$ cat my_file.pdb   # PDB, C-alpha atoms
ATOM      1  CA  MET A   1      31.807 201.483 -97.756
ATOM      2  CA  VAL A   2      30.404 198.300 -99.112
ATOM      3  CA  VAL A   3      28.557 195.929 -96.711
ATOM      4  CA  GLN A   4      28.628 192.164 -97.578
ATOM      5  CA  PHE A   5      25.964 189.784 -96.313
ATOM      6  CA  GLN A   6      26.707 186.058 -95.929
ATOM      7  CA  THR A   7      23.693 183.897 -96.467
ATOM      8  CA  SER A   8      23.336 180.168 -95.686
ATOM      9  CA  PHE A   9      20.586 177.852 -96.818
ATOM     10  CA  ILE A  10      21.289 175.287 -94.074
ATOM     11  CA  PRO A  11      19.164 176.021 -91.029
ATOM     12  CA  LYS A  12      21.050 176.223 -87.781
ATOM     13  CA  LYS A  13      18.280 174.466 -85.851
ATOM     14  CA  ALA A  14      18.973 171.194 -87.669
ATOM     15  CA  SER A  15      22.173 170.576 -85.732
ATOM     16  CA  MET A  16      20.413 171.383 -82.524
ATOM     17  CA  ILE A  17      17.713 168.776 -83.238
ATOM     18  CA  ALA A  18      20.141 166.026 -84.274
ATOM     19  CA  ALA A  19      22.127 166.177 -81.047
ATOM     20  CA  PRO A  20      19.407 164.741 -78.755
ATOM     21  CA  ALA A  21      18.846 161.782 -81.160
ATOM     22  CA  GLN A  22      22.474 160.756 -80.785
ATOM     23  CA  GLY A  23      22.095 160.861 -76.985
ATOM     24  CA  LEU A  24      19.071 158.481 -77.085
ATOM     25  CA  ARG A  25      20.956 155.989 -79.237
ATOM     26  CA  GLY A  26      23.795 155.946 -76.753
ATOM     27  CA  ARG A  27      21.397 155.301 -73.891
ATOM     28  CA  ASN A  28      19.726 152.402 -75.746
ATOM     29  CA  ILE A  29      23.097 150.831 -76.435
ATOM     30  CA  ASN A  30      24.066 151.130 -72.774
ATOM     31  CA  VAL A  31      20.793 149.442 -71.562
ATOM     32  CA  PHE A  32      21.205 146.456 -73.902
ATOM     33  CA  ALA A  33      24.827 146.071 -72.897
ATOM     34  CA  LEU A  34      23.843 146.096 -69.219
ATOM     35  CA  ILE A  35      21.148 143.418 -69.782
ATOM     36  CA  ALA A  36      23.600 141.253 -71.737
ATOM     37  CA  LEU A  37      26.166 141.617 -68.966
ATOM     38  CA  ILE A  38      23.622 140.586 -66.313
ATOM     39  CA  VAL A  39      22.552 137.531 -68.337
ATOM     40  CA  PHE A  40      26.195 136.559 -68.825
ATOM     41  CA  PHE A  41      26.972 136.736 -65.118
ATOM     42  CA  LEU A  42      23.811 134.761 -64.243
ATOM     43  CA  THR A  43      24.695 132.045 -66.760
ATOM     44  CA  ALA A  44      28.265 131.890 -65.514
ATOM     45  CA  GLY A  45      27.086 131.673 -61.901
ATOM     46  CA  LEU A  46      24.610 128.877 -62.706
ATOM     47  CA  ALA A  47      27.287 126.932 -64.589
ATOM     48  CA  ALA A  48      29.669 127.307 -61.645
ATOM     49  CA  PHE A  49      26.935 126.131 -59.218
ATOM     50  CA  VAL A  50      26.229 123.023 -61.304
ATOM     51  CA  PHE A  51      29.929 122.262 -61.612
ATOM     52  CA  PHE A  52      30.632 122.505 -57.873
ATOM     53  CA  SER A  53      27.441 120.572 -57.031
ATOM     54  CA  LYS A  54      28.605 117.742 -59.284
ATOM     55  CA  LEU A  55      32.003 117.735 -57.587
ATOM     56  CA  HIS A  56      30.299 117.590 -54.173
ATOM     57  CA  LEU A  57      28.105 114.643 -55.203
ATOM     58  CA  ILE A  58      31.110 112.762 -56.568
ATOM     59  CA  THR A  59      32.928 113.330 -53.292
ATOM     60  CA  VAL A  60      29.959 112.104 -51.248
ATOM     61  CA  ILE A  61      29.519 108.967 -53.402
ATOM     62  CA  THR A  62      33.217 108.169 -53.174
ATOM     63  CA  LYS A  63      33.079 108.535 -49.400
ATOM     64  CA  MET A  64      30.025 106.266 -49.161
ATOM     65  CA  ASP A  65      31.719 103.618 -51.328
ATOM     66  CA  THR A  66      34.743 103.710 -49.046
ATOM     67  CA  GLU A  67      32.553 103.319 -45.938
ATOM     68  CA  LEU A  68      30.621 100.435 -47.540
ATOM     69  CA  ALA A  69      33.843  98.625 -48.446
ATOM     70  CA  ALA A  70      35.106  99.090 -44.891
ATOM     71  CA  ALA A  71      31.809  97.747 -43.482
ATOM     72  CA  LYS A  72      32.028  94.659 -45.713
ATOM     73  CA  LYS A  73      35.539  93.956 -44.482
ATOM     74  CA  LYS A  74      34.270  93.869 -40.882
ATOM     75  CA  PHE A  75      32.193  90.743 -41.629
ATOM     76  CA  GLU A  76      34.191  87.564 -41.817
ATOM     77  CA  PRO A  77      33.808  85.693 -45.131
ATOM     78  CA  GLU A  78      33.301  82.400 -43.267
ATOM     79  CA  PHE A  79      30.373  83.840 -41.292
ATOM     80  CA  VAL A  80      28.753  85.155 -44.477
ATOM     81  CA  ASP A  81      29.126  81.715 -46.088
ATOM     82  CA  VAL A  82      27.595  79.925 -43.091
ATOM     83  CA  ALA A  83      24.733  82.419 -42.898
ATOM     84  CA  SER A  84      23.986  81.987 -46.618
ATOM     85  CA  ARG A  85      23.871  78.181 -46.324
ATOM     86  CA  LEU A  86      21.668  78.391 -43.232
ATOM     87  CA  ASP A  87      19.266  80.739 -45.028
ATOM     88  CA  ALA A  88      19.055  78.312 -47.965
ATOM     89  CA  ARG A  89      18.277  75.417 -45.605
ATOM     90  CA  ILE A  90      15.563  77.398 -43.815
ATOM     91  CA  LYS A  91      13.917  78.323 -47.120
ATOM     92  CA  GLY A  92      14.091  74.692 -48.270
ATOM     93  CA  ALA A  93      12.491  73.487 -45.022
ATOM     94  CA  GLN A  94       9.727  76.079 -45.336
ATOM     95  CA  GLU A  95       8.997  74.951 -48.888
ATOM     96  CA  LEU A  96       8.833  71.303 -47.800
ATOM     97  CA  ILE A  97       6.461  72.129 -44.936
ATOM     98  CA  ASN A  98       4.222  74.238 -47.193
ATOM     99  CA  ASN A  99       3.976  71.448 -49.805
ATOM    100  CA  HIS A 100       3.872  68.446 -47.469
ATOM    101  CA  SER A 101       0.521  66.660 -47.182
ATOM    102  CA  ALA A 102      -0.952  65.013 -44.099
ATOM    103  CA  ILE A 103      -3.933  62.661 -44.372
ATOM    104  CA  SER A 104      -4.578  62.428 -40.633
ATOM    105  CA  PRO A 105      -7.084  65.364 -40.611
ATOM    106  CA  LEU A 106      -9.267  63.422 -43.065
ATOM    107  CA  PHE A 107      -9.349  60.391 -40.792
ATOM    108  CA  ASP A 108     -10.254  62.646 -37.865
ATOM    109  CA  ILE A 109     -13.254  63.988 -39.800
ATOM    110  CA  LEU A 110     -14.419  60.512 -40.798
ATOM    111  CA  GLU A 111     -14.080  59.314 -37.216
ATOM    112  CA  LYS A 112     -16.075  62.217 -35.801
ATOM    113  CA  LYS A 113     -18.714  62.550 -38.544
ATOM    114  CA  THR A 114     -19.546  58.888 -39.267
ATOM    115  CA  LEU A 115     -22.792  57.790 -37.598
ATOM    116  CA  GLU A 116     -23.076  54.648 -35.450
ATOM    117  CA  ASN A 117     -25.382  52.893 -37.921
ATOM    118  CA  VAL A 118     -23.040  53.579 -40.865
ATOM    119  CA  ARG A 119     -19.648  52.184 -41.738
ATOM    120  CA  PHE A 120     -17.278  52.740 -44.658
ATOM    121  CA  LYS A 121     -14.805  50.483 -46.457
ATOM    122  CA  ASP A 122     -12.811  50.379 -49.698
ATOM    123  CA  PHE A 123     -11.094  53.687 -48.993
ATOM    124  CA  ASN A 124      -9.867  55.271 -52.281
ATOM    125  CA  PHE A 125      -7.859  58.478 -52.075
ATOM    126  CA  THR A 126      -6.787  60.225 -55.317
ATOM    127  CA  VAL A 127      -4.597  63.328 -55.639
ATOM    128  CA  GLY A 128      -4.803  65.156 -58.975
ATOM    129  CA  ASP A 129      -3.195  68.318 -60.311
ATOM    130  CA  LYS A 130      -5.913  70.647 -59.084
ATOM    131  CA  LYS A 131      -8.208  68.514 -56.895
ATOM    132  CA  VAL A 132      -8.219  65.733 -54.332
ATOM    133  CA  THR A 133     -10.935  63.070 -54.488
ATOM    134  CA  LEU A 134     -12.186  60.633 -51.851
ATOM    135  CA  ALA A 135     -14.255  57.597 -52.831
ATOM    136  CA  MET A 136     -15.609  54.890 -50.481
ATOM    137  CA  THR A 137     -18.237  52.220 -50.334
ATOM    138  CA  GLY A 138     -20.524  52.234 -47.312
ATOM    139  CA  GLN A 139     -23.031  50.111 -45.456
ATOM    140  CA  ALA A 140     -25.935  51.382 -43.364
ATOM    141  CA  ARG A 141     -28.725  49.794 -41.350
ATOM    142  CA  SER A 142     -31.446  51.718 -43.226
ATOM    143  CA  PHE A 143     -32.120  54.403 -45.798
ATOM    144  CA  ASN A 144     -32.818  56.841 -42.983
ATOM    145  CA  ALA A 145     -29.277  56.295 -41.689
ATOM    146  CA  VAL A 146     -27.927  57.045 -45.178
ATOM    147  CA  ALA A 147     -30.014  60.219 -45.356
ATOM    148  CA  LEU A 148     -28.757  61.392 -41.956
ATOM    149  CA  GLN A 149     -25.176  60.619 -42.976
ATOM    150  CA  SER A 150     -25.672  62.642 -46.155
ATOM    151  CA  ASP A 151     -26.866  65.625 -44.082
ATOM    152  CA  VAL A 152     -23.847  65.363 -41.764
ATOM    153  CA  PHE A 153     -21.341  65.220 -44.614
ATOM    154  CA  GLY A 154     -23.177  68.024 -46.401
ATOM    155  CA  THR A 155     -22.387  70.410 -43.554
ATOM    156  CA  GLU A 156     -18.681  69.536 -43.565
ATOM    157  CA  ARG A 157     -16.761  72.417 -45.181
ATOM    158  CA  SER A 158     -13.836  70.214 -46.195
ATOM    159  CA  PHE A 159     -16.149  68.042 -48.320
ATOM    160  CA  GLN A 160     -16.987  69.674 -51.638
ATOM    161  CA  ASN A 161     -19.927  68.264 -53.622
ATOM    162  CA  PRO A 162     -20.426  65.036 -51.617
ATOM    163  CA  VAL A 163     -22.510  62.456 -53.512
ATOM    164  CA  PHE A 164     -24.200  59.234 -52.290
ATOM    165  CA  SER A 165     -25.148  56.833 -55.092
ATOM    166  CA  SER A 166     -25.673  53.188 -56.196
ATOM    167  CA  PHE A 167     -28.023  52.140 -53.414
ATOM    168  CA  THR A 168     -28.607  48.397 -53.090
ATOM    169  CA  LEU A 169     -29.681  45.942 -50.377
ATOM    170  CA  ASP A 170     -27.568  43.001 -49.252
ATOM    171  CA  ASP A 171     -28.843  39.665 -48.015
ATOM    172  CA  GLY A 172     -29.159  40.941 -44.455
ATOM    173  CA  GLY A 173     -31.299  43.958 -45.452
ATOM    174  CA  ASP A 174     -28.531  46.523 -44.994
ATOM    175  CA  VAL A 175     -28.168  49.352 -47.490
ATOM    176  CA  LEU A 176     -25.029  49.364 -49.606
ATOM    177  CA  PHE A 177     -23.989  52.607 -51.286
ATOM    178  CA  ASN A 178     -21.088  54.508 -52.858
ATOM    179  CA  PHE A 179     -19.780  57.794 -51.532
ATOM    180  CA  ARG A 180     -17.646  60.273 -53.462
ATOM    181  CA  THR A 181     -16.509  63.794 -52.693
ATOM    182  CA  GLU A 182     -13.845  66.332 -53.534
ATOM    183  CA  LEU A 183     -11.701  67.539 -50.650
ATOM    184  CA  ASP A 184     -10.504  71.017 -49.809
ATOM    185  CA  PRO A 185      -6.729  70.945 -50.608
ATOM    186  CA  ASN A 186      -6.000  73.025 -47.495
ATOM    187  CA  LEU A 187      -7.325  70.184 -45.340
ATOM    188  CA  LEU A 188      -4.348  68.001 -46.249
ATOM    189  CA  LEU A 189      -1.602  70.607 -45.834
ATOM    190  CA  TYR A 190       0.763  69.674 -43.029
ATOM    191  CA  ARG A 191       1.251  73.358 -42.276
ATOM    192  CA  GLU A 192      -2.462  73.792 -41.556
ATOM    193  CA  THR A 193      -2.381  70.676 -39.371
ATOM    194  CA  VAL A 194       0.457  72.082 -37.264
ATOM    195  CA  ILE A 195      -1.236  75.474 -36.980
ATOM    196  CA  GLY A 196      -4.524  73.836 -36.006
ATOM    197  CA  ALA A 197      -2.778  71.710 -33.390
ATOM    198  CA  SER A 198      -1.057  74.742 -31.883
ATOM    199  CA  LYS A 199      -4.348  76.641 -31.770
ATOM    200  CA  GLY A 200      -6.014  73.660 -30.102
ATOM    201  CA  THR A 201      -3.242  73.507 -27.504
ATOM    202  CA  GLU A 202      -3.605  77.199 -26.759
ATOM    203  CA  SER A 203      -7.376  76.884 -26.390
ATOM    204  CA  ASP A 204      -6.933  73.903 -24.055
ATOM    205  CA  GLU A 205      -4.499  75.873 -21.928
ATOM    206  CA  GLU A 206      -6.921  78.789 -21.785
ATOM    207  CA  ASN A 207      -9.725  76.447 -20.715
ATOM    208  CA  VAL A 208      -7.541  74.969 -17.966
ATOM    209  CA  LEU A 209      -6.626  78.433 -16.725
ATOM    210  CA  SER A 210     -10.256  79.526 -16.728
ATOM    211  CA  GLU A 211     -11.228  76.435 -14.757
ATOM    212  CA  GLU A 212      -8.470  77.061 -12.218
ATOM    213  CA  GLU A 213      -9.583  80.668 -11.841
ATOM    214  CA  ALA A 214     -13.145  79.494 -11.333
ATOM    215  CA  PHE A 215     -12.077  77.169  -8.516
ATOM    216  CA  GLU A 216     -10.087  79.982  -6.924
TER
END
$ encode --input "my_file.pdb" --output "structure tokens"
Amino acid sequence: MVVQFQTSFIPKKASMIAAPAQGLRGRNINVFALIALIVFFLTAGLAAFVFFSKLHLITVITKMDTELAAAKKKFEPEFVDVASRLDARIKGAQELINNHSAISPLFDILEKKTLENVRFKDFNFTVGDKKVTLAMTGQARSFNAVALQSDVFGTERSFQNPVFSSFTLDDGGDVLFNFRTELDPNLLLYRETVIGASKGTESDEENVLSEEEAFE
């Protein structure tokens, strides 16, 4: 009896080794597919959120526009017109008051600060673009009276750079001189005059009340 042997040069272990490699590739493909699916769903969800948020904002804005239009209709057009004209008049009056000048405060200062031995004449009042100037000629009994008057005017805050000049003597021995000074523009504002008058009234009322309380 003849025995035949079948030989193979291909090792059987090769197929056994290749099988696990195919399993790893399948697992890698499944992981990437799962990650891609998760990213897709997240992107789709974010897009849906943005879309519905935009729709909600449009709805809210439309509702607010409708409420604003309804609120405007509640106001009568005639009332709005009258209120607008009244507001324009008030603003115009405020502008006039703020720009209106009053010279009475200057006369009050001259009346209070002029000494008994000094008198002024030839009143010259000039208003420029940026400054207001006062110029006068004066007469005094002596040079000492002029010096004292210079000290008094020098302490007045509304007088800026007061100058006494051109001293001469007249036939009677009196001193003649020129006076010139720049004025604080706020001194001549009518608004400041009204505010000062109201403050003076309030202080007078407080003094009267304090005196009445003292008598009580």
$ atom_distance --input "my_file.pdb" --atom1 "CA of Gly45 in chain A" --atom2 "CA of Ile61 in chain A"
24.4 Å
$ resolve_selection --input "my_file.pdb" --expression "the PyMOL selection byres ((chain A and resi 170-177) around 6)" --output "PDB file with C-alpha atoms, keeping the file's coordinate frame"
ATOM      1  CA  THR A 137     -18.237  52.220 -50.334  1.00  0.00           C
ATOM      2  CA  GLY A 138     -20.524  52.234 -47.312  1.00  0.00           C
ATOM      3  CA  GLN A 139     -23.031  50.111 -45.456  1.00  0.00           C
ATOM      4  CA  ALA A 140     -25.935  51.382 -43.364  1.00  0.00           C
ATOM      5  CA  ARG A 141     -28.725  49.794 -41.350  1.00  0.00           C
ATOM      6  CA  SER A 142     -31.446  51.718 -43.226  1.00  0.00           C
ATOM      7  CA  SER A 165     -25.148  56.833 -55.092  1.00  0.00           C
ATOM      8  CA  SER A 166     -25.673  53.188 -56.196  1.00  0.00           C
ATOM      9  CA  PHE A 167     -28.023  52.140 -53.414  1.00  0.00           C
ATOM     10  CA  THR A 168     -28.607  48.397 -53.090  1.00  0.00           C
ATOM     11  CA  LEU A 169     -29.681  45.942 -50.377  1.00  0.00           C
ATOM     12  CA  ASN A 178     -21.088  54.508 -52.858  1.00  0.00           C
TER      13      ASN A 178
END
$ resolve_selection --input "my_file.pdb" --expression "the PyMOL selection byres ((chain A and resi 156-161) around 7)" --output "VMD selection string"
chain A and resid 152 to 155 162 to 163 181 to 184 187
$ write_last_selection --input "my_file.pdb" --atoms "C-alpha atoms" --output "PDB file, keeping the file's coordinate frame"
ATOM      1  CA  VAL A 152     -23.847  65.363 -41.764  1.00  0.00           C
ATOM      2  CA  PHE A 153     -21.341  65.220 -44.614  1.00  0.00           C
ATOM      3  CA  GLY A 154     -23.177  68.024 -46.401  1.00  0.00           C
ATOM      4  CA  THR A 155     -22.387  70.410 -43.554  1.00  0.00           C
ATOM      5  CA  PRO A 162     -20.426  65.036 -51.617  1.00  0.00           C
ATOM      6  CA  VAL A 163     -22.510  62.456 -53.512  1.00  0.00           C
ATOM      7  CA  THR A 181     -16.509  63.794 -52.693  1.00  0.00           C
ATOM      8  CA  GLU A 182     -13.845  66.332 -53.534  1.00  0.00           C
ATOM      9  CA  LEU A 183     -11.701  67.539 -50.650  1.00  0.00           C
ATOM     10  CA  ASP A 184     -10.504  71.017 -49.809  1.00  0.00           C
ATOM     11  CA  LEU A 187      -7.325  70.184 -45.340  1.00  0.00           C
TER      12      LEU A 187
END
$ atom_distance --input "my_file.pdb" --atom1 "CA of Leu68 in chain A" --atom2 "CA of Asp81 in chain A"
18.8 Å
$ closest_residue --input "my_file.pdb" --among "A:Arg119, A:Pro185, A:Leu37, A:Ala83" --to "Lys131 in chain A" --atoms "only C-alpha atoms"
A:Pro185
$ closest_residue --input "my_file.pdb" --among "A:Arg180, A:Phe51, A:Ser150, A:Ala36" --to "Thr126 in chain A" --atoms "only C-alpha atoms"
A:Arg180
$ atom_distance --input "my_file.pdb" --atom1 "CA of Phe32 in chain A" --atom2 "CA of Leu46 in chain A"
21.1 Å
$ axis_aligned_box --input "my_file.pdb" --around "range 132-139 of chain A" --padding-each-side "5 Å" --output "JSON"
{"center_x": -15.6, "center_y": 57.9, "center_z": -50.0, "size_x": 24.8, "size_y": 25.6, "size_z": 19.0}
$ closest_residue --input "my_file.pdb" --among "A:Val132, A:Ala44, A:Leu55, A:Ala33" --to "Leu189 in chain A" --atoms "only C-alpha atoms"
A:Val132
$ resolve_selection --input "my_file.pdb" --expression "the PyMOL selection byres ((chain A and resi 106) around 10)" --output "ChimeraX atom specification"
/A:102-105,107-111,134,158-159,183,187-188
